[in-house]
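K.L.:
What follows is coords_15.cif, made up of mmCIF, C-alpha atoms:
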```cif
data_structure
loop_
_atom_site.label_atom_id
_atom_site.label_comp_id
_atom_site.auth_asym_id
_atom_site.auth_seq_id
_atom_site.Cartn_x
_atom_site.Cartn_y
_atom_site.Cartn_z
CA MET H 1 -60.01 20.37 -1.57
CA GLY H 2 -59.55 16.64 -2.04
CA LEU H 3 -56.68 14.66 -3.29
CA THR H 4 -55.29 15.40 -6.70
CA SER H 5 -53.80 12.62 -8.74
CA ARG H 6 -50.12 12.66 -9.39
CA PRO H 7 -49.04 13.92 -12.76
CA ASP H 8 -47.48 10.60 -13.81
CA GLN H 9 -50.78 8.85 -13.14
CA THR H 10 -52.66 11.19 -15.34
CA ALA H 11 -50.12 11.11 -18.12
CA SER H 12 -50.45 8.54 -20.81
CA ARG H 13 -48.66 5.21 -20.51
CA GLU H 14 -46.81 5.82 -23.74
CA PRO H 15 -43.02 5.58 -23.40
CA ARG H 16 -41.62 9.04 -23.11
CA VAL H 17 -39.14 10.05 -25.69
CA VAL H 18 -36.47 12.36 -24.33
CA GLU H 19 -35.04 14.78 -26.74
CA THR H 20 -31.28 15.05 -26.20
CA THR H 21 -29.86 18.44 -26.62
CA GLY H 22 -26.24 17.39 -26.99
CA ASP H 23 -25.31 19.23 -23.79
CA GLU H 24 -25.50 16.22 -21.41
CA PRO H 25 -22.19 15.27 -19.82
CA TRP H 26 -20.69 12.00 -20.96
CA ILE H 27 -17.41 10.12 -20.68
CA THR H 28 -15.67 7.30 -22.43
CA THR H 29 -13.75 4.68 -20.46
CA ARG H 30 -12.51 1.14 -20.63
CA LEU H 31 -15.08 -1.33 -19.43
CA ASP H 32 -12.71 -3.10 -17.04
CA ALA H 33 -11.57 0.22 -15.59
CA PHE H 34 -15.19 1.09 -14.92
CA VAL H 35 -15.94 -2.31 -13.39
CA ASN H 36 -12.79 -2.20 -11.27
CA TRP H 37 -13.69 1.28 -10.07
CA GLY H 38 -16.96 -0.10 -8.81
CA ARG H 39 -15.36 -3.17 -7.29
CA LYS H 40 -12.62 -1.40 -5.44
CA ASN H 41 -15.00 1.05 -3.83
CA SER H 42 -17.50 -1.53 -2.67
CA LEU H 43 -15.43 -4.31 -1.16
CA TRP H 44 -17.34 -6.26 1.44
CA PRO H 45 -14.88 -7.57 3.99
CA MET H 46 -15.34 -10.74 5.93
CA PRO H 47 -13.34 -10.60 9.16
CA PHE H 48 -11.76 -13.88 10.18
CA GLY H 49 -10.45 -12.73 13.54
CA THR H 50 -8.71 -15.26 15.75
CA ALA H 51 -6.47 -13.15 17.98
CA CYS H 52 -5.41 -9.65 19.00
CA CYS H 53 -5.25 -8.46 15.36
CA ALA H 54 -9.03 -8.77 15.38
CA ILE H 55 -9.16 -6.12 18.12
CA GLU H 56 -7.25 -3.75 15.87
CA PHE H 57 -9.58 -4.68 13.04
CA MET H 58 -12.54 -3.70 15.21
CA ALA H 59 -10.86 -0.38 15.93
CA THR H 60 -10.38 0.08 12.19
CA ALA H 61 -14.04 -0.58 11.55
CA ALA H 62 -15.18 1.68 14.39
CA SER H 63 -15.89 5.36 14.15
CA LYS H 64 -12.44 6.84 14.62
CA TYR H 65 -10.77 5.09 11.67
CA ASP H 66 -14.05 4.33 9.90
CA LEU H 67 -13.51 1.58 7.38
CA ALA H 68 -16.77 2.65 5.74
CA ARG H 69 -14.93 5.50 4.04
CA PHE H 70 -13.47 2.91 1.68
CA GLY H 71 -16.78 1.39 0.67
CA MET H 72 -16.69 -1.21 3.39
CA GLU H 73 -19.82 -0.03 5.10
CA ARG H 74 -21.21 -3.52 5.23
CA GLN H 75 -19.22 -6.24 6.92
CA ALA H 76 -20.13 -9.59 5.47
CA PHE H 77 -20.29 -12.21 8.18
CA SER H 78 -21.20 -14.85 5.65
CA PRO H 79 -18.46 -15.88 3.22
CA ARG H 80 -21.04 -16.21 0.46
CA GLN H 81 -21.63 -12.46 0.51
CA ALA H 82 -18.03 -11.37 0.94
CA ASP H 83 -15.42 -10.05 -1.46
CA LEU H 84 -12.50 -9.67 0.89
CA LEU H 85 -11.29 -12.08 3.54
CA ILE H 86 -9.31 -10.33 6.27
CA CYS H 87 -7.53 -13.00 8.27
CA ALA H 88 -6.57 -11.30 11.52
CA GLY H 89 -4.62 -13.51 13.86
CA ARG H 90 -2.81 -16.80 14.08
CA VAL H 91 -4.37 -19.86 12.52
CA PRO H 92 -3.70 -23.19 14.23
CA PHE H 93 -3.62 -26.37 12.20
CA LYS H 94 -6.98 -27.35 13.64
CA LEU H 95 -8.49 -24.26 12.05
CA ALA H 96 -6.79 -24.79 8.69
CA PRO H 97 -9.63 -26.79 7.10
CA VAL H 98 -12.13 -24.21 8.38
CA LEU H 99 -10.27 -21.31 6.80
CA ARG H 100 -9.86 -23.27 3.58
CA ARG H 101 -13.58 -23.98 3.42
CA ILE H 102 -14.51 -20.37 4.13
CA TRP H 103 -12.26 -19.26 1.29
CA GLN H 104 -13.81 -21.80 -1.06
CA GLN H 105 -17.28 -20.62 -0.10
CA MET H 106 -16.53 -17.06 -1.19
CA PRO H 107 -17.64 -16.31 -4.76
CA GLN H 108 -15.33 -14.72 -7.31
CA PRO H 109 -14.11 -12.03 -7.50
CA LYS H 110 -12.47 -12.36 -4.09
CA TRP H 111 -9.36 -11.13 -2.39
CA CYS H 112 -7.53 -11.89 0.83
CA ILE H 113 -5.60 -9.71 3.25
CA SER H 114 -3.31 -11.45 5.71
CA MET H 115 -3.31 -9.10 8.69
CA GLY H 116 -0.42 -9.24 11.11
CA ALA H 117 2.72 -11.27 11.52
CA CYS H 118 1.00 -14.46 12.69
CA ALA H 119 -1.25 -14.78 9.67
CA SER H 120 1.55 -13.77 7.33
CA SER H 121 4.38 -15.91 8.63
CA GLY H 122 3.59 -17.60 11.94
CA ASN H 123 5.33 -14.74 13.74
CA GLY H 124 8.44 -16.64 14.86
CA ILE H 125 7.24 -16.96 18.43
CA PHE H 126 4.56 -19.33 17.20
CA ASP H 127 6.99 -21.50 15.28
CA ASN H 128 5.64 -24.57 17.05
CA TYR H 129 3.69 -27.76 16.49
CA ALA H 130 0.25 -26.16 16.48
CA VAL H 131 0.34 -23.05 14.28
CA VAL H 132 0.25 -22.75 10.50
CA GLN H 133 3.32 -20.82 9.35
CA GLY H 134 1.47 -18.29 7.26
CA ILE H 135 -2.05 -18.63 5.88
CA ASP H 136 -0.71 -18.52 2.33
CA ASN H 137 0.07 -22.20 2.90
CA ILE H 138 -3.70 -22.70 2.86
CA ILE H 139 -5.21 -19.96 0.69
CA PRO H 140 -3.82 -17.39 -1.77
CA VAL H 141 -3.10 -14.00 -0.22
CA ASP H 142 -3.16 -10.62 -1.98
CA VAL H 143 -1.80 -8.20 0.60
CA TYR H 144 0.30 -8.90 3.69
CA VAL H 145 0.02 -6.33 6.48
CA PRO H 146 3.01 -6.49 8.83
CA GLY H 147 2.82 -5.68 12.52
CA CYS H 148 2.13 -7.41 15.79
CA PRO H 149 -0.62 -6.34 15.71
CA PRO H 150 -0.74 -3.71 12.95
CA ARG H 151 -2.20 -0.35 13.88
CA PRO H 152 -5.45 0.61 12.14
CA GLU H 153 -3.42 2.92 9.90
CA GLY H 154 -1.43 -0.12 8.81
CA LEU H 155 -4.53 -2.06 7.92
CA LEU H 156 -5.98 0.92 6.06
CA TYR H 157 -2.74 1.20 4.10
CA GLY H 158 -3.00 -2.48 3.21
CA ILE H 159 -6.60 -2.02 2.12
CA MET H 160 -5.65 0.93 -0.08
CA MET H 161 -2.87 -1.19 -1.59
CA LEU H 162 -5.46 -3.84 -2.34
CA GLN H 163 -7.70 -1.22 -3.93
CA LYS H 164 -4.88 -0.27 -6.26
CA LYS H 165 -4.44 -3.91 -7.08
CA VAL H 166 -8.13 -4.29 -7.82
CA ALA H 167 -8.08 -1.21 -10.03
CA ASN H 168 -5.26 -2.64 -12.13
CA GLU H 169 -6.86 -5.95 -13.00
CA ARG H 170 -7.55 -6.49 -16.70
CA ALA H 171 -10.64 -8.10 -18.13
CA ALA H 172 -8.48 -9.43 -20.96
CA ASP H 173 -6.53 -11.52 -18.48
CA PRO H 174 -9.02 -13.39 -16.27
CA SER H 175 -6.37 -15.71 -14.84
CA LEU H 176 -6.49 -13.95 -11.49
CA ARG H 177 -10.15 -14.77 -11.21
CA ASN H 178 -9.74 -18.46 -11.95
CA GLU H 179 -10.48 -20.49 -8.88
CA MET H 180 -7.33 -22.22 -7.70
CA GLU H 181 -7.99 -25.90 -7.27
CA PRO H 182 -5.88 -27.67 -4.65
CA ASP H 183 -4.11 -30.90 -5.42
CA PRO H 184 -6.84 -33.53 -5.10
CA THR H 185 -4.79 -36.00 -3.09
CA SER H 186 -2.96 -33.71 -0.69
CA GLN H 187 -5.40 -30.73 -0.73
CA LEU H 188 -2.38 -28.39 -0.93
CA TYR H 189 -2.05 -25.42 -3.29
CA LEU H 190 1.72 -25.30 -3.09
CA PRO H 191 4.18 -28.15 -3.62
CA PRO H 192 5.26 -29.72 -0.29
CA SER H 193 8.87 -28.63 -0.82
CA VAL H 194 7.77 -24.99 -1.12
CA ILE H 195 5.69 -25.24 2.03
CA ASP H 196 8.62 -26.72 3.92
CA GLU H 197 10.91 -23.98 2.67
CA ILE H 198 8.72 -21.00 3.47
CA SER H 199 7.80 -22.48 6.85
CA GLU H 200 11.40 -22.37 7.99
CA PRO H 201 12.34 -19.53 10.36
CA PHE H 202 12.74 -16.36 8.24
CA GLY H 203 11.36 -18.31 5.30
CA ASN H 204 8.81 -15.59 4.77
CA SER H 205 11.43 -12.87 4.67
CA VAL H 206 13.23 -14.38 1.71
CA GLN H 207 10.00 -15.15 -0.15
CA GLN H 208 8.15 -11.88 -0.09
CA THR H 209 6.19 -12.61 -3.23
CA ARG H 210 4.82 -15.94 -2.18
CA SER H 211 1.48 -15.61 -3.87
CA GLY H 212 3.18 -15.40 -7.23
CA LEU H 213 2.05 -11.85 -8.05
CA MET M 1 -33.59 -32.15 33.85
CA SER M 2 -31.25 -31.33 36.71
CA SER M 3 -32.46 -31.32 40.27
CA GLY M 4 -32.67 -28.25 42.47
CA PHE M 5 -29.63 -26.07 42.72
CA THR M 6 -28.17 -25.46 46.16
CA PRO M 7 -25.81 -22.51 46.33
CA VAL M 8 -22.52 -23.11 48.12
CA VAL M 9 -21.58 -20.24 50.38
CA SER M 10 -17.86 -19.72 50.86
CA GLY M 11 -16.85 -20.26 54.48
CA SER M 12 -20.31 -21.48 55.48
CA ALA M 13 -18.88 -24.53 57.29
CA LEU M 14 -16.52 -22.49 59.43
CA ASP M 15 -17.27 -21.33 62.96
CA ALA M 16 -18.44 -17.83 63.58
CA SER M 17 -15.17 -17.30 65.43
CA ALA M 18 -13.07 -18.10 62.33
CA PRO M 19 -11.04 -15.14 61.11
CA ALA M 20 -12.30 -13.29 58.08
CA PRO M 21 -10.53 -14.20 54.86
CA ALA M 22 -7.54 -12.00 54.15
CA SER M 23 -4.53 -12.05 51.84
CA PRO M 24 -1.74 -13.95 53.62
CA LYS M 25 1.37 -11.95 54.39
CA ASN M 26 5.00 -12.98 54.94
CA VAL M 27 4.38 -16.48 53.64
CA PRO M 28 7.53 -18.61 53.81
CA GLN M 29 8.63 -20.41 50.69
CA ARG M 30 8.76 -23.74 52.50
CA GLY M 31 7.08 -24.81 55.69
CA GLY M 32 4.40 -23.12 57.67
CA ALA M 33 1.01 -24.35 58.68
CA ALA M 34 -0.26 -27.19 56.51
CA ASN M 35 -3.84 -27.55 55.38
CA PRO M 36 -5.64 -29.50 58.18
CA SER M 37 -6.92 -31.88 55.52
CA ALA M 38 -3.39 -33.25 55.14
CA GLU M 39 -3.32 -34.47 58.74
CA ALA M 40 -6.82 -35.90 58.35
CA LEU M 41 -5.66 -37.76 55.25
CA ARG M 42 -2.66 -39.18 57.12
CA GLN M 43 -4.86 -40.47 59.89
CA ARG M 44 -7.36 -42.05 57.58
CA PHE M 45 -5.21 -43.41 54.75
CA GLY M 46 -1.84 -43.86 56.51
CA ALA M 47 0.63 -45.49 54.17
CA ALA M 48 -1.10 -44.25 51.02
CA ILE M 49 0.04 -40.72 51.88
CA LYS M 50 3.63 -40.54 50.67
CA ALA M 51 4.56 -36.96 51.55
CA VAL M 52 3.11 -33.65 52.69
CA ASP M 53 4.81 -30.49 51.55
CA VAL M 54 3.93 -26.85 52.12
CA VAL M 55 5.22 -24.46 49.46
CA TRP M 56 4.30 -20.79 49.58
CA GLY M 57 1.55 -21.59 52.04
CA GLU M 58 -0.09 -24.15 49.74
CA THR M 59 -0.21 -27.78 50.81
CA THR M 60 0.81 -30.54 48.43
CA VAL M 61 0.00 -34.12 49.32
CA VAL M 62 1.70 -36.89 47.38
CA VAL M 63 -0.46 -39.98 47.39
CA ASP M 64 -0.28 -43.53 46.13
CA ARG M 65 -1.54 -44.09 42.63
CA THR M 66 -3.91 -46.91 43.50
CA ALA M 67 -5.46 -45.00 46.41
CA ALA M 68 -5.90 -41.70 44.57
CA HIS M 69 -9.51 -42.29 43.63
CA ASP M 70 -10.55 -43.32 47.14
CA ILE M 71 -8.76 -40.31 48.62
CA ILE M 72 -10.41 -37.82 46.30
CA LYS M 73 -13.78 -39.45 46.84
CA TRP M 74 -13.34 -39.17 50.57
CA LEU M 75 -12.23 -35.55 50.33
CA HIS M 76 -15.32 -34.81 48.28
CA ASP M 77 -17.85 -36.72 50.39
CA ASP M 78 -16.67 -36.40 53.96
CA PRO M 79 -18.55 -33.67 55.84
CA SER M 80 -15.34 -32.57 57.55
CA GLN M 81 -13.64 -31.90 54.18
CA ARG M 82 -16.24 -31.06 51.49
CA TYR M 83 -13.85 -30.48 48.61
CA ASP M 84 -16.61 -29.65 46.19
CA TYR M 85 -14.65 -27.96 43.44
CA LEU M 86 -12.02 -29.55 41.21
CA SER M 87 -10.22 -26.60 39.69
CA ASP M 88 -7.61 -28.39 37.60
CA VAL M 89 -6.21 -31.71 36.53
CA THR M 90 -2.82 -31.55 34.90
CA ALA M 91 0.55 -33.28 34.80
CA VAL M 92 4.19 -32.37 35.17
CA GLU M 93 7.13 -33.89 33.39
CA PHE M 94 10.59 -32.88 34.53
CA ARG M 95 13.55 -32.38 32.28
CA ASP M 96 15.52 -34.65 34.58
CA PHE M 97 14.65 -38.10 33.24
CA GLU M 98 15.29 -39.68 36.64
CA GLN M 99 12.33 -37.83 38.04
CA PRO M 100 8.93 -39.46 37.82
CA LEU M 101 6.00 -37.85 36.03
CA GLU M 102 3.43 -36.25 38.28
CA VAL M 103 -0.31 -36.00 37.83
CA VAL M 104 -1.77 -33.10 39.80
CA TRP M 105 -5.28 -32.46 41.06
CA HIS M 106 -6.15 -29.02 42.42
CA LEU M 107 -9.01 -29.31 44.87
CA ARG M 108 -10.84 -26.50 46.56
CA SER M 109 -13.23 -26.65 49.49
CA LEU M 110 -15.51 -23.65 49.35
CA PRO M 111 -17.33 -24.25 52.68
CA TYR M 112 -14.01 -24.57 54.56
CA ARG M 113 -12.02 -22.14 52.41
CA ARG M 114 -9.29 -24.69 51.80
CA PHE M 115 -7.05 -25.44 48.87
CA LEU M 116 -5.31 -28.79 48.48
CA ARG M 117 -2.97 -30.02 45.79
CA LEU M 118 -2.84 -33.77 45.31
CA LYS M 119 -0.07 -35.44 43.38
CA VAL M 120 0.52 -38.92 42.09
CA ARG M 121 4.03 -39.86 40.99
CA ILE M 122 4.34 -42.27 38.07
CA GLU M 123 7.75 -43.86 37.77
CA ARG M 124 9.55 -43.87 34.44
CA GLY M 125 8.89 -46.97 32.41
CA SER M 126 5.54 -47.79 33.97
CA VAL M 127 2.19 -47.38 32.24
CA LEU M 128 0.89 -43.81 32.42
CA ASP M 129 -2.43 -44.73 33.91
CA VAL M 130 -4.28 -43.11 36.81
CA PRO M 131 -7.88 -43.45 37.97
CA SER M 132 -10.39 -40.98 36.58
CA VAL M 133 -12.32 -38.79 38.99
CA TRP M 134 -15.10 -38.18 36.47
CA ASP M 135 -17.56 -40.12 38.66
CA ILE M 136 -16.87 -37.65 41.51
CA TYR M 137 -16.51 -34.38 39.61
CA LYS M 138 -18.30 -34.19 36.25
CA GLY M 139 -16.09 -31.20 35.47
CA ALA M 140 -13.10 -33.52 35.27
CA ASP M 141 -14.27 -34.64 31.84
CA TRP M 142 -12.51 -32.06 29.69
CA LEU M 143 -9.64 -31.55 32.14
CA GLU M 144 -8.71 -35.20 31.89
CA ARG M 145 -9.14 -35.17 28.14
CA GLU M 146 -6.74 -32.24 27.93
CA CYS M 147 -4.23 -34.03 30.15
CA PHE M 148 -4.53 -37.11 27.96
CA ASP M 149 -4.16 -35.00 24.82
CA MET M 150 -1.05 -33.17 25.99
CA PHE M 151 0.72 -35.83 28.08
CA GLY M 152 -0.69 -39.17 26.96
CA ILE M 153 -1.83 -40.09 30.45
CA THR M 154 -4.85 -42.39 30.39
CA PHE M 155 -7.54 -41.96 33.01
CA ALA M 156 -9.14 -45.31 33.80
CA GLY M 157 -12.89 -44.91 34.05
CA HIS M 158 -13.23 -41.81 31.89
CA PRO M 159 -16.30 -42.24 29.68
CA ASP M 160 -14.95 -40.57 26.54
CA LEU M 161 -11.19 -40.24 26.65
CA ARG M 162 -10.07 -38.69 23.36
CA ARG M 163 -8.17 -35.65 22.22
CA ILE M 164 -9.69 -32.25 22.92
CA LEU M 165 -7.20 -29.56 21.82
CA MET M 166 -5.51 -31.32 18.93
CA TRP M 167 -7.79 -32.85 16.33
CA GLU M 168 -8.72 -36.44 16.79
CA GLN M 169 -6.65 -37.80 13.94
CA TYR M 170 -3.49 -36.12 15.29
CA ARG M 171 -0.74 -38.70 15.05
CA GLU M 172 2.43 -36.93 16.18
CA GLY M 173 2.27 -37.78 19.85
CA TYR M 174 1.74 -35.76 23.00
CA PRO M 175 2.95 -32.17 22.65
CA LEU M 176 3.78 -31.33 26.26
CA ARG M 177 6.06 -34.32 26.77
CA LYS M 178 9.72 -33.42 27.03
CA ASP M 179 10.72 -35.72 24.18
CA PHE M 180 8.31 -33.97 21.81
CA PRO M 181 10.12 -31.57 19.44
CA LEU M 182 8.76 -28.03 19.54
CA ARG M 183 7.77 -28.01 15.87
CA GLY M 184 6.27 -31.48 15.95
CA ARG M 185 7.58 -34.65 14.45
CA PHE M 186 6.45 -34.30 10.85
CA SER M 187 7.47 -31.81 8.19
CA ARG M 188 5.35 -28.68 7.79
CA SER M 189 3.84 -29.88 4.53
CA GLU M 190 2.90 -33.21 6.05
CA GLN M 191 1.37 -31.49 9.07
CA LEU M 192 -0.64 -29.24 6.79
CA ARG M 193 -1.73 -32.13 4.61
CA GLN M 194 -3.00 -34.05 7.63
CA ALA M 195 -4.71 -30.99 9.09
CA LEU M 196 -6.54 -30.22 5.83
CA ALA M 197 -7.68 -33.83 5.60
CA ALA M 198 -9.58 -33.45 8.89
CA ASN M 199 -13.29 -32.83 8.70
CA PRO M 200 -13.99 -29.77 10.84
CA GLU M 201 -17.67 -30.57 11.19
CA ALA M 202 -17.16 -34.06 12.57
CA ARG M 203 -16.32 -32.84 16.05
CA TYR M 204 -19.55 -31.17 17.10
CA SER M 205 -22.48 -33.39 17.77
CA LYS M 206 -25.66 -33.24 19.76
CA GLU M 207 -24.04 -35.45 22.36
CA GLU M 208 -20.87 -33.44 22.70
CA LEU M 209 -22.65 -30.15 23.20
CA SER M 210 -24.65 -31.75 26.03
CA ILE M 211 -27.86 -30.76 24.36
CA ALA M 212 -28.93 -34.36 24.80
CA ASP M 213 -29.61 -33.82 28.52
CA ALA M 214 -31.75 -30.77 27.94
CA PHE M 215 -33.40 -32.11 24.80
CA ASP M 216 -36.89 -32.44 26.30
CA ASP M 217 -36.86 -28.83 27.45
CA LEU M 218 -35.97 -27.37 24.07
CA PRO M 219 -38.58 -25.66 21.90
CA LYS M 220 -40.43 -27.90 19.49
CA ASP M 221 -38.83 -26.49 16.34
CA MET M 222 -35.36 -26.88 17.84
CA GLN M 223 -36.14 -30.49 18.73
CA ARG M 224 -37.29 -31.16 15.20
CA ARG M 225 -34.18 -29.58 13.72
CA LEU M 226 -31.81 -31.45 16.01
CA SER M 227 -33.52 -34.79 15.49
CA THR M 228 -32.99 -34.52 11.74
CA GLY M 229 -29.25 -34.21 12.35
CA GLU M 230 -29.00 -30.47 11.72
CA ARG M 231 -25.99 -28.96 13.42
CA THR M 232 -26.33 -25.78 15.40
CA GLY M 233 -23.83 -23.18 16.34
CA GLU M 234 -22.28 -22.77 12.92
#
```
In structure tokens, write the structure found in this file.
P.N.:
Amino acid sequence: MGLTSRPDQTASREPRVVETTGDEPWITTRLDAFVNWGRKNSLWPMPFGTACCAIEFMATAASKYDLARFGMERQAFSPRQADLLICAGRVPFKLAPVLRRIWQQMPQPKWCISMGACASSGNGIFDNYAVVQGIDNIIPVDVYVPGCPPRPEGLLYGIMMLQKKVANERAADPSLRNEMEPDPTSQLYLPPSVIDEISEPFGNSVQQTRSGL
Amino acid sequence: MSSGFTPVVSGSALDASAPAPASPKNVPQRGGAANPSAEALRQRFGAAIKAVDVVWGETTVVVDRTAAHDIIKWLHDDPSQRYDYLSDVTAVEFRDFEQPLEVVWHLRSLPYRRFLRLKVRIERGSVLDVPSVWDIYKGADWLERECFDMFGITFAGHPDLRRILMWEQYREGYPLRKDFPLRGRFSRSEQLRQALAANPEARYSKEELSIADAFDDLPKDMQRRLSTGERTGE
């Protein structure tokens, strides 16, 4: 019998010209819609879990709720390979420079979900000397997920909200993708008066659109 | 490298006739049998023992500040005591400003199955300074640093007394003191500015992770990486 060579090895190396018949399916679309479709269905999340919200995040990523359905099959545990920072849990002041650096290490395009009441606002009960009153004092946040901690359904809802947000970005307006540079002297994104105001008790409730979107 | 490890068996110093350990029942809030170490301390140190109190079956001994180190050393070394485990070092400040501050050591003797709480009272207005027990219990290192961080109590003789929970440049004071406001002394923006100015990598070093002791036992490539200043654990 013996081995027979594969047909493509016997064929000539000439580039093959495919005759189109005109019956192939084709679509037209906007380029940014196409790019956003790809981006929103392949977000790589980086979990930044510091507290009990991280437990709910693990449940979300596990088989029952299955985060992989939304294109998040691969969790990125390096910020340099991540698209989406999910901050799950309270952030003390000592961790603030760490979270800031992780955010700055992530390449554009990147998004951030603040999961739970502690990350979103300091949660009231942690209105003390040690805890940052909302991570949007440190980094820009796209979606806030309420709850203490949020159920996996809540996080999935927040992720789907973020996917809608990703799908609606326009290539003609790249301002969202410009890297925000903090003030060089104070290293703050927001003016100090704004930080003081939104760090007050209930400051987050009256400033629901803190990230300016 | 460390010398041979001798396991400590709980109750090994007790007689065979000693009762088996059991959960105490019907313990009075005050009074009851004191830890026999308290009487031994009275006999040996006399006037340095200020008070002995039994609360919920646990014995508290209030001792003199200057004698505290000698007392703990004796409790650790004496074969009739063998307090070989320091489980906590902390402090108490009362809301009543007439009351002195208290520094508390929780000592446990595994061979005798004993628990003893030692207290030193520091009067208001005096320097918050107590002797360190780091030379007796190496585990006191971080406990005393935490007590210094939260209460501002200095432990004389501690080799490396600096903040452990708050970052080292923290300038607002000592958070567990009663005169410390819950949200800190500075505004939120100032707190955030100072926190972001801290270098998060400056706190972990070869020395702090105690790799230095085990350095000779590490694999060759790890030794080479550490000697060039590379940081691990990130």
K.L.:
Under the PyMOL selection byres ((chain M and resi 197) around 12), which residues of this model are included? Write them out as a PyMOL selection string.
P.N.:
(chain H and resi 93-98+100-101+183-188) or (chain M and resi 167-170+190-196+198-202)
K.L.:
Distance atom CA of H:Cys112-atom CA of M:Leu182, one decimal place?
P.N.:
29.6 Å
K.L.:
Applied to the shown file, which residues does the PyMOL selection byres ((chain M and resi 109) around 8) return, written as a list in words?
P.N.:
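Going through the file, the PyMOL selection byres ((chain M and resi 109) around 8) ends up selecting Gln81, Arg82, Tyr83, Asp84, Tyr85, Leu107, Arg108, Leu110, Pro111, Tyr112, Arg113, Arg114 and Phe115 of chain M.
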K.L.:
Could you check the closest approach to M:Thr60 for each of M:Arg177, M:Arg163, M:Arg224, M:His106 and tell me which residue wins, using only C-alpha atoms?
P.N.:
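Distance minimum relative to M:Thr60 lands on M:His106.
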K.L.:
Quick one: distance from atom CA of H:Gln81 to atom CA of H:Ile139 in Å, one decimal?
P.N.:
18.1 Å
K.L.:
For the structure shown, which residues end up in the PyMOL selection byres ((chain H and resi 49) around 9)? Put them as a list in words, please?
P.N.:
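Matching residues under the PyMOL selection byres ((chain H and resi 49) around 9) are Pro47, Phe48, Thr50, Ala51, Cys52, Cys53, Ala54, Ile55, Phe57, Ile86, Cys87, Ala88, Gly89 and Arg90 of chain H.
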K.L.:
Kindly give the distance, in Å, that separates atom CA of H:Gln133 and atom CA of M:Trp142, rounded to a single decimal.
P.N.:
28.1 Å
K.L.:
Counting all atoms listed in the file, note down every residue that has an atom within 10 Å of the point (2.7, -29.7, 37.4) (file coordinates), as a PDB file with C-alpha atoms, in the coordinates of the input.
P.N.:
```pdb
ATOM      1  CA  VAL M  89      -6.210 -31.710  36.530  1.00  0.00           C
ATOM      2  CA  THR M  90      -2.820 -31.550  34.900  1.00  0.00           C
ATOM      3  CA  ALA M  91       0.550 -33.280  34.800  1.00  0.00           C
ATOM      4  CA  VAL M  92       4.190 -32.370  35.170  1.00  0.00           C
ATOM      5  CA  GLU M  93       7.130 -33.890  33.390  1.00  0.00           C
ATOM      6  CA  PHE M  94      10.590 -32.880  34.530  1.00  0.00           C
ATOM      7  CA  LEU M 101       6.000 -37.850  36.030  1.00  0.00           C
ATOM      8  CA  GLU M 102       3.430 -36.250  38.280  1.00  0.00           C
ATOM      9  CA  VAL M 103      -0.310 -36.000  37.830  1.00  0.00           C
ATOM     10  CA  VAL M 104      -1.770 -33.100  39.800  1.00  0.00           C
ATOM     11  CA  TRP M 105      -5.280 -32.460  41.060  1.00  0.00           C
ATOM     12  CA  LYS M 119      -0.070 -35.440  43.380  1.00  0.00           C
TER      13      LYS M 119
END
```
K.L.:
Starting from the point (-6.5, -9.2, 0.1), work out which residues of protein, DNA or RNA have an atom no more than 9 Å away when counting all atoms listed in the file; state them as a PDB file with C-alpha atoms, in the coordinates of the input.
P.N.:
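After the write, point-v5.pdb holds the following:
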```pdb
ATOM      1  CA  LEU H  84     -12.500  -9.670   0.890  1.00  0.00           C
ATOM      2  CA  LEU H  85     -11.290 -12.080   3.540  1.00  0.00           C
ATOM      3  CA  ILE H  86      -9.310 -10.330   6.270  1.00  0.00           C
ATOM      4  CA  LYS H 110     -12.470 -12.360  -4.090  1.00  0.00           C
ATOM      5  CA  TRP H 111      -9.360 -11.130  -2.390  1.00  0.00           C
ATOM      6  CA  CYS H 112      -7.530 -11.890   0.830  1.00  0.00           C
ATOM      7  CA  ILE H 113      -5.600  -9.710   3.250  1.00  0.00           C
ATOM      8  CA  SER H 114      -3.310 -11.450   5.710  1.00  0.00           C
ATOM      9  CA  PRO H 140      -3.820 -17.390  -1.770  1.00  0.00           C
ATOM     10  CA  VAL H 141      -3.100 -14.000  -0.220  1.00  0.00           C
ATOM     11  CA  ASP H 142      -3.160 -10.620  -1.980  1.00  0.00           C
ATOM     12  CA  VAL H 143      -1.800  -8.200   0.600  1.00  0.00           C
ATOM     13  CA  TYR H 144       0.300  -8.900   3.690  1.00  0.00           C
ATOM     14  CA  GLY H 158      -3.000  -2.480   3.210  1.00  0.00           C
ATOM     15  CA  ILE H 159      -6.600  -2.020   2.120  1.00  0.00           C
ATOM     16  CA  MET H 161      -2.870  -1.190  -1.590  1.00  0.00           C
ATOM     17  CA  LEU H 162      -5.460  -3.840  -2.340  1.00  0.00           C
TER      18      LEU H 162
END
```
K.L.:
Would you kindly return, as JSON, numbers by chain, each protein, DNA or RNA residue with an atom no farther than 8 Å from any atom of stretch 63-76 of chain M, considering all atoms listed in the file and excluding same-chain residues fewer than 3 positions away?
P.N.:
{"M": [41, 45, 48, 49, 50, 51, 81, 82, 83, 84, 118, 119, 120, 121, 122, 130, 131, 132, 133, 136]}
K.L.:
Skipping near chain neighbours, those fewer than 4 positions away, what residues fall within 7 Å of stretch 189-194 of chain H using all atoms listed in the file, listed as a list of chain:residue names?
P.N.:
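Selected residues are H:Asn137, H:Ile138, H:Pro182, H:Asp183, H:Ile198, M:Ser189.
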K.L.:
Since we have the selection now, will you write its residues out, keeping C-alpha atoms, as a CSV table (one decimal), keeping the file's coordinate frame?
P.N.:
```csv
chain,number,residue,atom,x,y,z
H,137,ASN,CA,0.1,-22.2,2.9
H,138,ILE,CA,-3.7,-22.7,2.9
H,182,PRO,CA,-5.9,-27.7,-4.6
H,183,ASP,CA,-4.1,-30.9,-5.4
H,198,ILE,CA,8.7,-21.0,3.5
M,189,SER,CA,3.8,-29.9,4.5
```
